[in-house]
$ cat run_18.txt   # compact mmCIF, C-alpha atoms
# COMPACT_ATOMS: atom_id res chain seq x y z
CA MET D 2 -18.84 -8.52 -43.91
CA VAL D 3 -21.54 -7.37 -41.49
CA VAL D 4 -20.81 -10.33 -39.22
CA TRP D 5 -17.13 -9.39 -38.99
CA TRP D 6 -18.04 -5.75 -38.30
CA VAL D 7 -20.41 -6.76 -35.50
CA ALA D 8 -17.80 -9.15 -34.09
CA GLY D 9 -15.22 -6.36 -34.11
CA VAL D 10 -17.54 -3.96 -32.31
CA LEU D 11 -18.40 -6.56 -29.65
CA ALA D 12 -14.74 -7.41 -29.13
CA THR D 13 -13.87 -3.73 -28.74
CA LEU D 14 -16.68 -3.25 -26.23
CA TRP D 15 -15.54 -6.27 -24.22
CA ILE D 16 -11.99 -4.93 -24.10
CA VAL D 17 -13.14 -1.46 -23.00
CA VAL D 18 -15.79 -2.61 -20.53
CA TYR D 19 -14.11 -5.66 -18.99
CA PHE D 20 -10.50 -6.33 -19.98
CA ILE D 21 -8.94 -2.87 -19.55
CA PRO D 22 -10.64 -2.03 -16.20
CA ASP D 23 -9.76 -5.44 -14.75
CA PHE D 24 -6.16 -5.24 -15.95
CA LEU D 25 -5.63 -1.72 -14.60
CA PHE D 26 -7.55 -1.83 -11.34
CA HIS D 27 -7.30 -5.51 -10.38
CA HIS D 28 -3.99 -6.81 -11.71
CA LEU D 29 -2.00 -3.56 -11.61
CA GLN D 30 -4.09 -2.32 -8.63
CA TRP D 31 -3.95 1.21 -10.03
CA GLY D 32 -5.56 3.53 -7.50
CA ALA D 33 -6.10 0.70 -5.00
CA PHE D 34 -4.88 0.64 -1.41
CA PHE D 35 -1.26 -0.47 -1.00
CA GLY D 36 0.33 -0.70 2.45
CA SER D 37 3.47 1.22 3.34
CA SER D 38 6.52 -0.73 4.50
CA ASP D 39 7.28 2.03 7.02
CA ASN D 40 4.75 0.52 9.43
CA PRO D 41 5.57 -3.01 10.68
CA ARG D 42 1.97 -4.15 10.50
CA VAL D 43 0.00 -6.76 8.53
CA ALA D 44 -3.73 -6.63 7.83
CA LEU D 45 -5.80 -9.81 8.04
CA THR D 46 -8.89 -9.64 5.82
CA PHE D 47 -11.76 -12.09 5.45
CA ASP D 48 -14.05 -12.42 2.41
CA ASP D 49 -17.40 -14.00 1.50
CA GLY D 50 -19.03 -13.84 4.92
CA PRO D 51 -20.75 -13.84 7.15
CA GLY D 52 -20.92 -17.61 7.06
CA ALA D 53 -21.68 -20.48 9.40
CA ASP D 54 -18.10 -20.41 10.78
CA THR D 55 -17.89 -16.64 11.32
CA PRO D 56 -18.90 -16.78 15.04
CA ALA D 57 -16.19 -19.39 15.77
CA LEU D 58 -13.70 -17.27 13.85
CA LEU D 59 -14.61 -14.24 15.94
CA GLU D 60 -14.05 -16.24 19.14
CA THR D 61 -10.57 -17.19 17.92
CA LEU D 62 -9.72 -13.60 16.99
CA ARG D 63 -10.91 -12.43 20.42
CA ALA D 64 -8.69 -15.00 22.14
CA LEU D 65 -5.73 -13.87 20.04
CA GLU D 66 -6.54 -10.20 20.69
CA VAL D 67 -6.63 -9.51 16.95
CA ARG D 68 -8.95 -7.20 15.04
CA ALA D 69 -9.48 -7.85 11.34
CA THR D 70 -11.19 -6.39 8.27
CA PHE D 71 -14.22 -8.27 6.91
CA PHE D 72 -15.40 -7.77 3.34
CA VAL D 73 -18.98 -8.94 3.63
CA VAL D 74 -21.72 -9.93 1.17
CA SER D 75 -24.63 -7.70 2.17
CA GLU D 76 -27.40 -10.23 1.36
CA ARG D 77 -25.70 -12.72 3.69
CA CYS D 78 -25.57 -10.01 6.35
CA LEU D 79 -29.36 -9.69 6.13
CA ARG D 80 -29.64 -13.38 7.05
CA GLN D 81 -27.27 -12.97 10.03
CA PRO D 82 -27.73 -9.39 11.27
CA GLU D 83 -26.49 -10.29 14.75
CA VAL D 84 -23.13 -11.38 13.32
CA ILE D 85 -22.51 -8.17 11.38
CA ARG D 86 -23.42 -6.12 14.47
CA ARG D 87 -21.04 -8.22 16.54
CA LEU D 88 -18.25 -7.48 14.08
CA VAL D 89 -18.68 -3.78 14.69
CA GLU D 90 -19.10 -4.12 18.47
CA GLU D 91 -15.86 -6.09 18.79
CA GLY D 92 -13.83 -3.51 16.89
CA HIS D 93 -13.49 -5.23 13.55
CA GLU D 94 -13.66 -3.30 10.31
CA VAL D 95 -16.45 -3.87 7.79
CA GLY D 96 -15.94 -3.40 4.07
CA LEU D 97 -18.22 -4.31 1.19
CA HIS D 98 -17.64 -7.40 -0.93
CA MET D 99 -20.84 -6.98 -3.00
CA LYS D 100 -24.58 -7.26 -2.57
CA ARG D 101 -24.40 -10.79 -4.03
CA HIS D 102 -21.26 -12.86 -4.47
CA ILE D 103 -21.00 -12.67 -8.24
CA SER D 104 -18.16 -11.90 -10.64
CA ALA D 105 -18.15 -8.55 -12.43
CA PHE D 106 -17.47 -10.53 -15.60
CA LEU D 107 -21.03 -11.88 -15.37
CA LEU D 108 -22.63 -8.48 -14.86
CA ALA D 109 -23.31 -5.55 -17.14
CA PRO D 110 -21.62 -2.33 -15.97
CA TRP D 111 -24.90 -0.83 -14.69
CA GLN D 112 -25.64 -4.06 -12.79
CA SER D 113 -22.26 -3.90 -11.04
CA TYR D 114 -22.88 -0.28 -10.09
CA ARG D 115 -26.31 -1.14 -8.64
CA GLN D 116 -24.95 -4.18 -6.75
CA ILE D 117 -22.36 -2.00 -5.04
CA ARG D 118 -24.70 0.90 -4.23
CA GLU D 119 -27.44 -1.35 -2.84
CA GLY D 120 -24.89 -3.38 -0.88
CA LEU D 121 -23.60 -0.21 0.79
CA ASP D 122 -27.16 0.83 1.66
CA GLN D 123 -27.94 -2.55 3.24
CA ILE D 124 -24.84 -2.55 5.42
CA GLN D 125 -25.46 1.03 6.50
CA ARG D 126 -28.98 0.12 7.62
CA LEU D 127 -27.63 -2.80 9.66
CA THR D 128 -24.63 -1.09 11.28
CA GLY D 129 -25.40 2.61 11.10
CA LYS D 130 -22.16 3.20 9.23
CA ARG D 131 -21.51 3.23 5.50
CA PRO D 132 -18.42 1.20 4.48
CA CYS D 133 -15.59 3.04 2.76
CA LEU D 134 -13.55 -0.05 1.81
CA PHE D 135 -14.48 -2.31 -1.10
CA ARG D 136 -13.17 -5.56 -2.54
CA PRO D 137 -15.00 -7.13 -5.52
CA PRO D 138 -15.53 -10.92 -5.58
CA TRP D 139 -12.44 -12.64 -7.01
CA GLY D 140 -11.04 -9.14 -7.51
CA HIS D 141 -12.88 -8.91 -10.84
CA VAL D 142 -13.57 -5.40 -12.12
CA ASN D 143 -15.60 -4.00 -15.01
CA LEU D 144 -16.22 -0.41 -16.08
CA GLY D 145 -19.28 -0.15 -13.85
CA THR D 146 -17.25 -1.33 -10.84
CA TRP D 147 -14.69 1.38 -11.41
CA LEU D 148 -17.34 4.07 -11.85
CA ALA D 149 -19.04 2.99 -8.61
CA ILE D 150 -15.72 3.14 -6.73
CA LYS D 151 -15.14 6.69 -7.94
CA ARG D 152 -18.65 8.07 -7.56
CA LEU D 153 -19.42 6.41 -4.22
CA GLY D 154 -16.08 7.38 -2.61
CA LEU D 155 -14.79 3.86 -2.01
CA THR D 156 -11.21 2.69 -1.48
CA PRO D 157 -10.55 -0.56 -3.37
CA VAL D 158 -8.53 -3.06 -1.34
CA PHE D 159 -7.03 -6.12 -2.98
CA TRP D 160 -4.25 -8.27 -1.47
CA ASN D 161 -0.66 -9.38 -1.89
CA ILE D 162 -0.79 -12.63 0.12
CA ALA D 163 -3.40 -15.25 -0.78
CA PRO D 164 -2.88 -18.74 0.75
CA ASP D 165 -6.05 -20.06 -0.95
CA ASP D 166 -7.46 -21.23 2.37
CA TRP D 167 -10.61 -22.34 0.53
CA ARG D 168 -8.77 -25.26 -1.11
CA PRO D 169 -9.45 -28.58 0.69
CA ASP D 170 -5.85 -29.76 0.21
CA HIS D 171 -4.43 -26.74 2.07
CA THR D 172 -3.93 -27.72 5.69
CA PRO D 173 -3.87 -25.27 8.63
CA ASP D 174 -0.07 -25.62 8.80
CA TYR D 175 0.24 -24.86 5.10
CA ILE D 176 -1.98 -21.77 5.36
CA SER D 177 -0.12 -20.46 8.40
CA HIS D 178 3.35 -21.07 6.97
CA TYR D 179 2.41 -19.53 3.61
CA VAL D 180 1.31 -16.27 5.25
CA VAL D 181 4.24 -16.00 7.68
CA GLN D 182 6.80 -16.82 5.00
CA LEU D 183 5.60 -14.09 2.65
CA ALA D 184 4.52 -11.38 5.09
CA LEU D 185 6.19 -7.99 4.78
CA PRO D 186 5.39 -4.71 6.54
CA GLY D 187 2.23 -3.37 4.92
CA SER D 188 1.03 -6.72 3.59
CA VAL D 189 -2.68 -7.45 3.14
CA VAL D 190 -3.63 -11.11 3.63
CA VAL D 191 -6.85 -12.47 2.13
CA LEU D 192 -8.64 -15.31 3.96
CA HIS D 193 -12.29 -16.40 3.99
CA ASP D 194 -14.98 -16.76 6.64
CA GLY D 195 -17.87 -17.70 4.33
CA GLY D 196 -18.69 -19.68 1.23
CA GLY D 197 -17.95 -23.10 2.70
CA ASN D 198 -16.31 -24.89 5.63
CA ARG D 199 -13.67 -22.59 7.14
CA THR D 200 -12.48 -24.83 9.96
CA ARG D 201 -8.97 -25.04 8.48
CA THR D 202 -8.75 -21.26 8.32
CA ILE D 203 -9.72 -20.93 11.98
CA GLN D 204 -7.23 -23.62 13.01
CA SER D 205 -4.43 -21.82 11.15
CA LEU D 206 -4.86 -18.52 12.97
CA PRO D 207 -3.04 -19.16 16.30
CA SER D 208 0.24 -20.24 14.69
CA MET D 209 -0.16 -17.62 11.95
CA VAL D 210 -0.55 -14.75 14.39
CA ALA D 211 2.26 -16.06 16.60
CA GLY D 212 4.54 -16.37 13.57
CA LEU D 213 3.78 -12.87 12.34
CA ARG D 214 4.41 -11.42 15.78
CA SER D 215 7.71 -13.32 16.05
CA CYS D 216 8.73 -11.49 12.86
CA GLY D 217 8.03 -8.15 14.51
CA LEU D 218 4.75 -7.62 12.67
CA ALA D 219 1.63 -6.39 14.43
CA VAL D 220 -1.66 -7.82 13.14
CA GLY D 221 -4.67 -5.60 12.64
CA LEU D 222 -6.98 -3.61 10.38
CA VAL D 223 -6.45 -2.28 6.88
CA SER D 224 -7.16 1.24 8.15
CA GLU D 225 -4.29 0.95 10.64
CA ILE D 226 -1.75 0.69 7.81
CA SER D 227 -0.62 3.88 6.10
CA ALA D 228 -0.88 3.87 2.32
CA ASN D 229 2.08 3.97 -0.06
CA PRO D 230 1.23 5.28 -3.53
CA SER D 231 4.63 4.32 -5.02
CA MET D 232 4.15 2.15 -8.11
CA ILE D 233 7.83 1.13 -7.98
CA ARG D 234 7.49 -0.20 -4.43
CA ARG D 235 4.27 -1.96 -5.47
CA VAL D 236 5.95 -3.76 -8.37
CA TRP D 237 8.98 -4.63 -6.22
CA THR D 238 6.79 -6.11 -3.48
CA TRP D 239 5.00 -8.20 -6.12
CA TRP D 240 8.37 -9.54 -7.27
CA GLU D 241 9.74 -10.06 -3.74
CA ILE D 242 6.76 -12.15 -2.65
CA ARG D 243 7.05 -14.42 -5.71
CA PHE D 244 10.82 -14.72 -5.28
CA THR D 245 10.40 -15.67 -1.61
CA ARG D 246 7.83 -18.33 -2.43
CA GLY D 247 9.59 -19.67 -5.51
CA TRP D 248 12.93 -20.12 -3.73
CA ASN D 249 11.39 -21.08 -0.37
CA ILE D 250 13.12 -18.29 1.56
CA GLU D 251 12.50 -18.33 5.31
CA SER D 252 12.63 -15.31 7.62
CA ILE D 253 14.64 -15.74 10.82
CA PRO D 254 12.59 -14.32 13.73
CA ASN D 255 14.43 -11.54 15.53
CA SER D 256 14.71 -12.48 19.20
CA GLY D 257 15.61 -8.88 19.98
CA GLY D 258 12.33 -7.67 18.53
CA GLY D 259 11.52 -5.89 15.32
CA GLU D 260 11.79 -6.82 11.66
CA PRO D 261 13.88 -9.92 10.77
CA LEU D 262 17.35 -8.88 9.63
CA LEU D 263 18.25 -12.18 7.97
CA ARG D 264 16.46 -14.63 5.72
CA ILE D 265 17.77 -17.96 4.49
CA GLY D 266 17.17 -20.37 1.64
CA HIS D 267 18.51 -23.86 0.90
CA VAL D 268 20.44 -23.85 -2.40
CA ARG D 269 23.35 -25.58 -4.13
CA HIS D 270 26.63 -23.75 -4.63
CA HIS D 271 27.02 -23.13 -8.38
CA GLY D 272 30.23 -21.13 -8.43
CA PRO D 273 33.87 -22.25 -8.41
CA ALA D 274 35.29 -24.12 -5.41
CA ILE D 275 35.94 -21.90 -2.38
CA ILE D 276 38.70 -22.68 0.14
CA MET D 277 37.30 -21.67 3.51
CA ASN D 278 39.49 -20.12 6.18
CA GLN D 279 39.34 -23.35 8.19
CA GLY D 280 40.59 -25.45 5.28
CA ARG D 281 37.20 -26.89 4.23
CA VAL D 282 36.49 -26.66 0.51
CA LEU D 283 33.03 -25.56 -0.60
CA ARG D 284 32.60 -27.33 -3.93
CA ARG D 285 30.13 -26.88 -6.73
CA GLY D 286 26.93 -28.73 -5.82
CA ASP D 287 27.46 -28.56 -2.03
CA ALA D 288 24.45 -27.49 0.02
CA LEU D 289 24.60 -23.83 1.03
CA GLY D 290 22.44 -21.79 3.37
CA GLU D 291 21.94 -18.71 1.19
CA ILE D 292 21.58 -15.58 3.31
CA HIS D 293 19.43 -12.66 2.26
CA PHE D 294 19.99 -9.56 4.35
CA GLY D 295 16.87 -7.71 5.43
CA ASN D 296 16.31 -4.56 3.40
CA THR D 297 16.54 -2.30 6.45
CA ALA D 298 19.87 -3.78 7.51
CA LEU D 299 21.29 -3.69 3.99
CA SER D 300 20.48 -0.03 3.50
CA GLN D 301 22.01 0.92 6.86
CA LEU D 302 25.16 -1.15 6.31
CA SER D 303 25.66 0.87 3.13
CA GLY D 304 24.68 4.15 4.77
CA SER D 305 26.32 6.40 7.35
CA SER D 306 28.92 5.14 9.80
CA ILE D 307 26.51 5.53 12.73
CA SER D 308 23.62 3.67 11.10
CA GLY D 309 26.07 1.08 9.76
CA LEU D 310 27.35 0.40 13.29
CA ARG D 311 23.81 -0.11 14.56
CA ALA D 312 23.08 -2.45 11.67
CA LEU D 313 26.28 -4.40 12.38
CA HIS D 314 25.21 -4.94 15.98
CA GLY D 315 21.80 -6.03 14.75
CA VAL D 316 23.22 -8.56 12.27
CA ARG D 317 25.54 -9.97 14.98
CA TRP D 318 22.46 -10.48 17.15
CA ALA D 319 20.60 -12.05 14.21
CA LEU D 320 23.40 -14.56 13.57
CA HIS D 321 22.72 -16.11 16.98
CA ASP D 322 19.09 -16.49 15.91
CA LEU D 323 20.23 -17.95 12.59
CA ALA D 324 22.51 -20.53 14.24
CA ASP D 325 19.67 -21.60 16.53
CA TRP D 326 17.24 -21.79 13.59
CA VAL D 327 19.63 -23.93 11.50
CA ALA D 328 20.23 -26.28 14.43
CA ARG D 329 16.47 -26.83 14.87
CA HIS D 330 15.55 -27.41 11.20
CA PRO D 331 16.56 -30.82 9.78
CA ASP D 332 16.24 -29.53 6.20
CA TYR D 333 19.46 -27.59 6.82
CA ASP D 334 21.48 -30.43 8.35
CA ASP D 335 23.41 -30.89 5.09
CA ILE D 336 24.59 -27.32 4.51
CA ALA D 337 28.38 -26.91 4.47
CA ALA D 338 28.35 -23.13 4.83
CA ILE D 339 26.20 -20.04 4.85
CA GLY D 340 26.72 -17.16 2.48
CA GLY D 341 25.20 -14.41 0.42
CA VAL D 342 25.89 -11.57 -1.95
CA THR D 343 26.04 -7.99 -0.70
CA LEU D 344 27.61 -4.65 -1.61
CA LEU D 345 31.31 -4.10 -1.03
CA ASP D 346 31.06 -1.48 1.70
CA ALA D 347 28.58 -3.68 3.58
CA ALA D 348 30.91 -6.67 3.09
CA ARG D 349 33.78 -4.85 4.81
CA ALA D 350 31.65 -4.49 7.92
CA ILE D 351 30.23 -7.99 7.67
CA ALA D 352 33.73 -9.50 7.59
CA ARG D 353 34.09 -8.49 11.24
CA LEU D 354 31.36 -11.02 12.02
CA GLY D 355 33.41 -14.02 10.83
CA PHE D 356 32.64 -14.04 7.09
CA GLN D 357 35.25 -14.14 4.35
CA HIS D 358 35.09 -12.38 1.01
CA VAL D 359 34.79 -14.20 -2.30
CA PRO D 360 35.02 -12.04 -5.47
CA LEU D 361 32.28 -12.34 -8.06
CA ARG D 362 33.16 -12.44 -11.73
CA GLY D 363 31.37 -12.47 -15.04
CA TRP D 364 27.60 -12.48 -15.41
CA PRO D 365 26.84 -13.15 -11.69
CA LYS D 366 28.78 -10.01 -10.79
CA TRP D 367 26.98 -7.70 -13.19
CA SER D 368 23.52 -9.16 -12.73
CA MET D 369 23.82 -8.91 -8.93
CA ARG D 370 25.18 -5.38 -9.25
CA ILE D 371 22.09 -4.26 -11.14
CA TYR D 372 19.82 -6.09 -8.70
CA LEU D 373 21.44 -4.59 -5.60
CA ILE D 374 21.56 -1.07 -7.02
CA VAL D 375 17.81 -1.21 -7.72
CA LEU D 376 17.19 -2.71 -4.26
CA MET D 377 19.20 0.00 -2.52
CA SER D 378 17.56 2.76 -4.55
CA ILE D 379 14.14 1.55 -3.42
CA TYR D 380 14.88 0.94 0.27
CA HIS D 381 17.61 3.48 1.10
CA HIS D 382 16.24 6.57 2.83
CA ASP D 383 17.62 8.82 0.05
CA GLY D 384 16.00 6.65 -2.63
CA TRP D 385 16.94 7.22 -6.25
CA ARG D 386 18.82 10.39 -5.32
CA SER D 387 21.64 8.13 -4.11
CA LEU D 388 21.87 6.25 -7.41
CA ARG D 389 25.16 7.94 -8.35
CA ARG D 390 26.83 6.72 -5.17
CA PHE D 391 25.35 3.22 -5.50
CA SER D 392 26.69 2.96 -9.05
CA ARG D 393 30.22 2.94 -7.63
CA LEU D 394 29.50 0.03 -5.30
CA ARG D 395 30.47 -3.53 -6.18
CA PRO D 396 28.74 -6.79 -5.23
CA ILE D 397 30.77 -9.41 -3.42
CA MET D 398 29.99 -12.78 -1.88
CA VAL D 399 30.51 -13.43 1.82
CA VAL D 400 30.65 -16.99 3.20
CA MET D 401 31.08 -18.63 6.59
CA ASP D 402 31.79 -22.28 7.35
CA ARG D 403 28.91 -23.99 9.13
CA ALA D 404 31.22 -25.08 11.94
CA VAL D 405 32.28 -21.47 12.50
CA LEU D 406 28.65 -20.35 12.60
CA MET D 407 27.74 -22.92 15.23
CA SER D 408 30.85 -22.43 17.38
CA ARG D 409 30.73 -18.66 17.25
CA TYR D 410 26.99 -18.03 17.38
CA GLY D 411 25.46 -21.28 18.61
CA SER D 412 25.56 -20.20 22.25
CA PRO D 413 22.79 -18.05 23.74
CA VAL D 414 23.06 -14.40 22.74
CA GLU D 415 24.39 -11.94 25.29
CA LYS D 416 23.17 -8.38 25.02
CA GLU D 417 26.43 -6.85 26.19
CA ASP D 418 28.33 -8.66 23.43
CA SER D 419 25.89 -8.08 20.63
CA GLY D 420 24.62 -4.60 21.32
CA PRO D 421 21.05 -3.49 20.76
CA PRO D 422 19.11 -5.09 17.93
CA LEU D 423 18.44 -2.99 14.87
CA GLN D 424 14.95 -1.54 14.91
CA SER D 425 13.22 -0.77 11.64
$ encode --input "run_18.txt" --output "C-alpha cells"
Amino acid sequence: MVVWWVAGVLATLWIVVYFIPDFLFHHLQWGAFFGSSDNPRVALTFDDGPGADTPALLETLRALEVRATFFVVSERCLRQPEVIRRLVEEGHEVGLHMKRHISAFLLAPWQSYRQIREGLDQIQRLTGKRPCLFRPPWGHVNLGTWLAIKRLGLTPVFWNIAPDDWRPDHTPDYISHYVVQLALPGSVVVLHDGGGNRTRTIQSLPSMVAGLRSCGLAVGLVSEISANPSMIRRVWTWWEIRFTRGWNIESIPNSGGGEPLLRIGHVRHHGPAIIMNQGRVLRRGDALGEIHFGNTALSQLSGSSISGLRALHGVRWALHDLADWVARHPDYDDIAAIGGVTLLDAARAIARLGFQHVPLRGWPKWSMRIYLIVLMSIYHHDGWRSLRRFSRLRPIMVVMDRAVLMSRYGSPVEKEDSGPPLQS
C-alpha cells in the first residue's frame, strides 16, 4: 500500500513539474513569441553554438547580407569569446540557449533556474548586454524553466519550421527546399551552428535566402518581427504548415513582388468527370494541378469591389508565373488541368481569368464550406465579425484546361495587361 502511495505521489510530481509545463509552454507555446503574419518577414535562428563552423556561417550570412538570431550555450561562448563578440559587432541577435546544453527533463527545477540565470550572467559579461530571448535545448521545459522565464524577464522563442539540418541524410537542397516551401510571414526557422558538422547548413543558406526573397519574404532577426498573441492564428499556422508539407504544396514566386498569391499541389481528380470548355474531359484519376489561393488574395476577392479588383489583377499576374512554373517543372508534365475550390463570389471574378465553374455536391461541398468560412474568418480584415456574411457564401470549384493556361498565360507578362500585382 505504501509503495503505491509513494508511486502516486511521484507520478503526480512528475506531471506537475515536467509534463504540464512542457505541454503548455513548449508544445502549445503558451506565452511564447509568435510572429505576426502582417509583416512579410522570416526569422532565421541558430542553436547550440558557437561551434567550429560558426565563423564560416557568419561569413556566408555577411555575403548574403542577412542578420540572424543565435541562441548560444554560454559555456561554449567562454571557449570562443571572440566569436560571440563578433556576433554582436556584425548586428546579429544573441539569445540564451542554456549554460550547458542539457534537457530540462534531466534537471531538477532549481537546477534549470540556476542554469538559465548563470548563463545570462556569462553572456552579459562577454557582450555587455543581457539577453532577453531564450530557447531551451530541444524546447524542453520544466517548472523551474518557466519560473526563470517569468522572474528573469525572458521571452521564450520556439519555432514553427524545423528542417532538422542536424540529420546526416538531409542534404543542403532538402534543407533549403523544406524551409522555402513552409515559410509564411512571421515564421521562425530553427537551424544549428554548433553541436557537430554544420557544413550542410551553411551550403543550404544561399538558395534558402534566395527562395525566401523570391516569395516576398525578408530575412532577419526575431526582434524585427511583430508578435501576434492570437491563439487561433497560432493553431491555424500549425495546421497550415503540416498541410503544406503533407500534400507537398509549392508556392509560386510572385514576379511582381510581394507575397505569393497562388500555390499548387500535384493531385488526382477524385470527383465526377468534367467536360472542359474546349471539349477535353477531366476524368477521375487524371492528374490535376490543385490551386490554393493565397490567403491575402482570397480575402480580398471576397471583400469590397475595390480590393477585389486589385486582387483580380494580382491573380492574373500570378497565372503567368504559374504557367512558367508548370512549364519548368517536369513533375507537372502530366497534369490535364489546374483547378481549386474557392467561395462563390470569388469564383465569379475568377471566371474572367479563363476558369469555368464546377458545382460541388455532397460531403465535399459542406466540408469545404466549413473550411473556407474558418479560413476567411481568420484572414479577412474584419475577422470573426464577418462570420454572418461568410455563412451565406458557397464553395465552388474552378478549373482550367492546361492548354488554355499555357496559351493564355504562357507568354511573358505585360504590366499594362495585368495591372499592378497585389501587395500584402
$ residues_around --input "run_18.txt" --residues "Cys133 (chain D)" --least-positions-apart "5" --cutoff "9 Å" --atoms "only C-alpha atoms" --output "ChimeraX atom specification"
/D:95-97,121,153-157
$ residues_around --input "run_18.txt" --residues "Pro138 (chain D)" --least-positions-apart "3" --cutoff "12 Å" --atoms "only C-alpha atoms" --output "PDB file with C-alpha atoms, in the frame of the given file"
ATOM      1  CA  HIS D  27      -7.300  -5.510 -10.380  1.00  0.00           C
ATOM      2  CA  PHE D  47     -11.760 -12.090   5.450  1.00  0.00           C
ATOM      3  CA  ASP D  48     -14.050 -12.420   2.410  1.00  0.00           C
ATOM      4  CA  ASP D  49     -17.400 -14.000   1.500  1.00  0.00           C
ATOM      5  CA  GLY D  50     -19.030 -13.840   4.920  1.00  0.00           C
ATOM      6  CA  PHE D  72     -15.400  -7.770   3.340  1.00  0.00           C
ATOM      7  CA  VAL D  73     -18.980  -8.940   3.630  1.00  0.00           C
ATOM      8  CA  VAL D  74     -21.720  -9.930   1.170  1.00  0.00           C
ATOM      9  CA  LEU D  97     -18.220  -4.310   1.190  1.00  0.00           C
ATOM     10  CA  HIS D  98     -17.640  -7.400  -0.930  1.00  0.00           C
ATOM     11  CA  MET D  99     -20.840  -6.980  -3.000  1.00  0.00           C
ATOM     12  CA  LYS D 100     -24.580  -7.260  -2.570  1.00  0.00           C
ATOM     13  CA  ARG D 101     -24.400 -10.790  -4.030  1.00  0.00           C
ATOM     14  CA  HIS D 102     -21.260 -12.860  -4.470  1.00  0.00           C
ATOM     15  CA  ILE D 103     -21.000 -12.670  -8.240  1.00  0.00           C
ATOM     16  CA  SER D 104     -18.160 -11.900 -10.640  1.00  0.00           C
ATOM     17  CA  ALA D 105     -18.150  -8.550 -12.430  1.00  0.00           C
ATOM     18  CA  PHE D 106     -17.470 -10.530 -15.600  1.00  0.00           C
ATOM     19  CA  LEU D 107     -21.030 -11.880 -15.370  1.00  0.00           C
ATOM     20  CA  LEU D 108     -22.630  -8.480 -14.860  1.00  0.00           C
ATOM     21  CA  SER D 113     -22.260  -3.900 -11.040  1.00  0.00           C
ATOM     22  CA  GLN D 116     -24.950  -4.180  -6.750  1.00  0.00           C
ATOM     23  CA  ILE D 117     -22.360  -2.000  -5.040  1.00  0.00           C
ATOM     24  CA  PHE D 135     -14.480  -2.310  -1.100  1.00  0.00           C
ATOM     25  CA  HIS D 141     -12.880  -8.910 -10.840  1.00  0.00           C
ATOM     26  CA  VAL D 142     -13.570  -5.400 -12.120  1.00  0.00           C
ATOM     27  CA  ASN D 143     -15.600  -4.000 -15.010  1.00  0.00           C
ATOM     28  CA  THR D 146     -17.250  -1.330 -10.840  1.00  0.00           C
ATOM     29  CA  PRO D 157     -10.550  -0.560  -3.370  1.00  0.00           C
ATOM     30  CA  VAL D 158      -8.530  -3.060  -1.340  1.00  0.00           C
ATOM     31  CA  PHE D 159      -7.030  -6.120  -2.980  1.00  0.00           C
ATOM     32  CA  VAL D 191      -6.850 -12.470   2.130  1.00  0.00           C
ATOM     33  CA  HIS D 193     -12.290 -16.400   3.990  1.00  0.00           C
ATOM     34  CA  GLY D 196     -18.690 -19.680   1.230  1.00  0.00           C
TER      35      GLY D 196
END
$ closest_residue --input "run_18.txt" --among "D:Gly197, D:Gly411, D:Pro56, D:Gly286" --to "Arg329 (chain D)" --atoms "only C-alpha atoms"
D:Gly411
$ closest_residue --input "run_18.txt" --among "D:Trp31, D:Tyr410, D:Phe294, D:Trp318" --to "Gly340 (chain D)" --atoms "all atoms listed in the file"
D:Phe294
$ residues_around --input "run_18.txt" --residues "region 400-403 of chain D" --least-positions-apart "6" --cutoff "9 Å" --atoms "only C-alpha atoms" --output "list in words"
Met277, Asn278, Gln279, Arg281, Leu283, Gly290, Ala324, Ile336, Ala337, Ala338, Ile339, Gly340, Gly341, Val342, Gly355, Phe356, Gln357, His358 and Val359 of chain D
$ residues_around --input "run_18.txt" --residues "region 83-85 of chain D" --least-positions-apart "2" --cutoff "12 Å" --atoms "only C-alpha atoms" --output "PyMOL selection string"
chain D and resi 50-60+70-81+87-97+123-130+194
$ write_last_selection --input "run_18.txt" --atoms "C-alpha atoms" --output "CSV table (one decimal), in the coordinates of the input"
chain,number,residue,atom,x,y,z
D,50,GLY,CA,-19.0,-13.8,4.9
D,51,PRO,CA,-20.8,-13.8,7.2
D,52,GLY,CA,-20.9,-17.6,7.1
D,53,ALA,CA,-21.7,-20.5,9.4
D,54,ASP,CA,-18.1,-20.4,10.8
D,55,THR,CA,-17.9,-16.6,11.3
D,56,PRO,CA,-18.9,-16.8,15.0
D,57,ALA,CA,-16.2,-19.4,15.8
D,58,LEU,CA,-13.7,-17.3,13.8
D,59,LEU,CA,-14.6,-14.2,15.9
D,60,GLU,CA,-14.0,-16.2,19.1
D,70,THR,CA,-11.2,-6.4,8.3
D,71,PHE,CA,-14.2,-8.3,6.9
D,72,PHE,CA,-15.4,-7.8,3.3
D,73,VAL,CA,-19.0,-8.9,3.6
D,74,VAL,CA,-21.7,-9.9,1.2
D,75,SER,CA,-24.6,-7.7,2.2
D,76,GLU,CA,-27.4,-10.2,1.4
D,77,ARG,CA,-25.7,-12.7,3.7
D,78,CYS,CA,-25.6,-10.0,6.4
D,79,LEU,CA,-29.4,-9.7,6.1
D,80,ARG,CA,-29.6,-13.4,7.0
D,81,GLN,CA,-27.3,-13.0,10.0
D,87,ARG,CA,-21.0,-8.2,16.5
D,88,LEU,CA,-18.2,-7.5,14.1
D,89,VAL,CA,-18.7,-3.8,14.7
D,90,GLU,CA,-19.1,-4.1,18.5
D,91,GLU,CA,-15.9,-6.1,18.8
D,92,GLY,CA,-13.8,-3.5,16.9
D,93,HIS,CA,-13.5,-5.2,13.6
D,94,GLU,CA,-13.7,-3.3,10.3
D,95,VAL,CA,-16.4,-3.9,7.8
D,96,GLY,CA,-15.9,-3.4,4.1
D,97,LEU,CA,-18.2,-4.3,1.2
D,123,GLN,CA,-27.9,-2.6,3.2
D,124,ILE,CA,-24.8,-2.6,5.4
D,125,GLN,CA,-25.5,1.0,6.5
D,126,ARG,CA,-29.0,0.1,7.6
D,127,LEU,CA,-27.6,-2.8,9.7
D,128,THR,CA,-24.6,-1.1,11.3
D,129,GLY,CA,-25.4,2.6,11.1
D,130,LYS,CA,-22.2,3.2,9.2
D,194,ASP,CA,-15.0,-16.8,6.6
$ residues_around --input "run_18.txt" --residues "Leu185 (chain D)" --least-positions-apart "5" --cutoff "9 Å" --atoms "only C-alpha atoms" --output "list in words"
Ser38, Pro41, Arg42, Val43, Leu218, Thr238, Ile242 and Glu260 of chain D
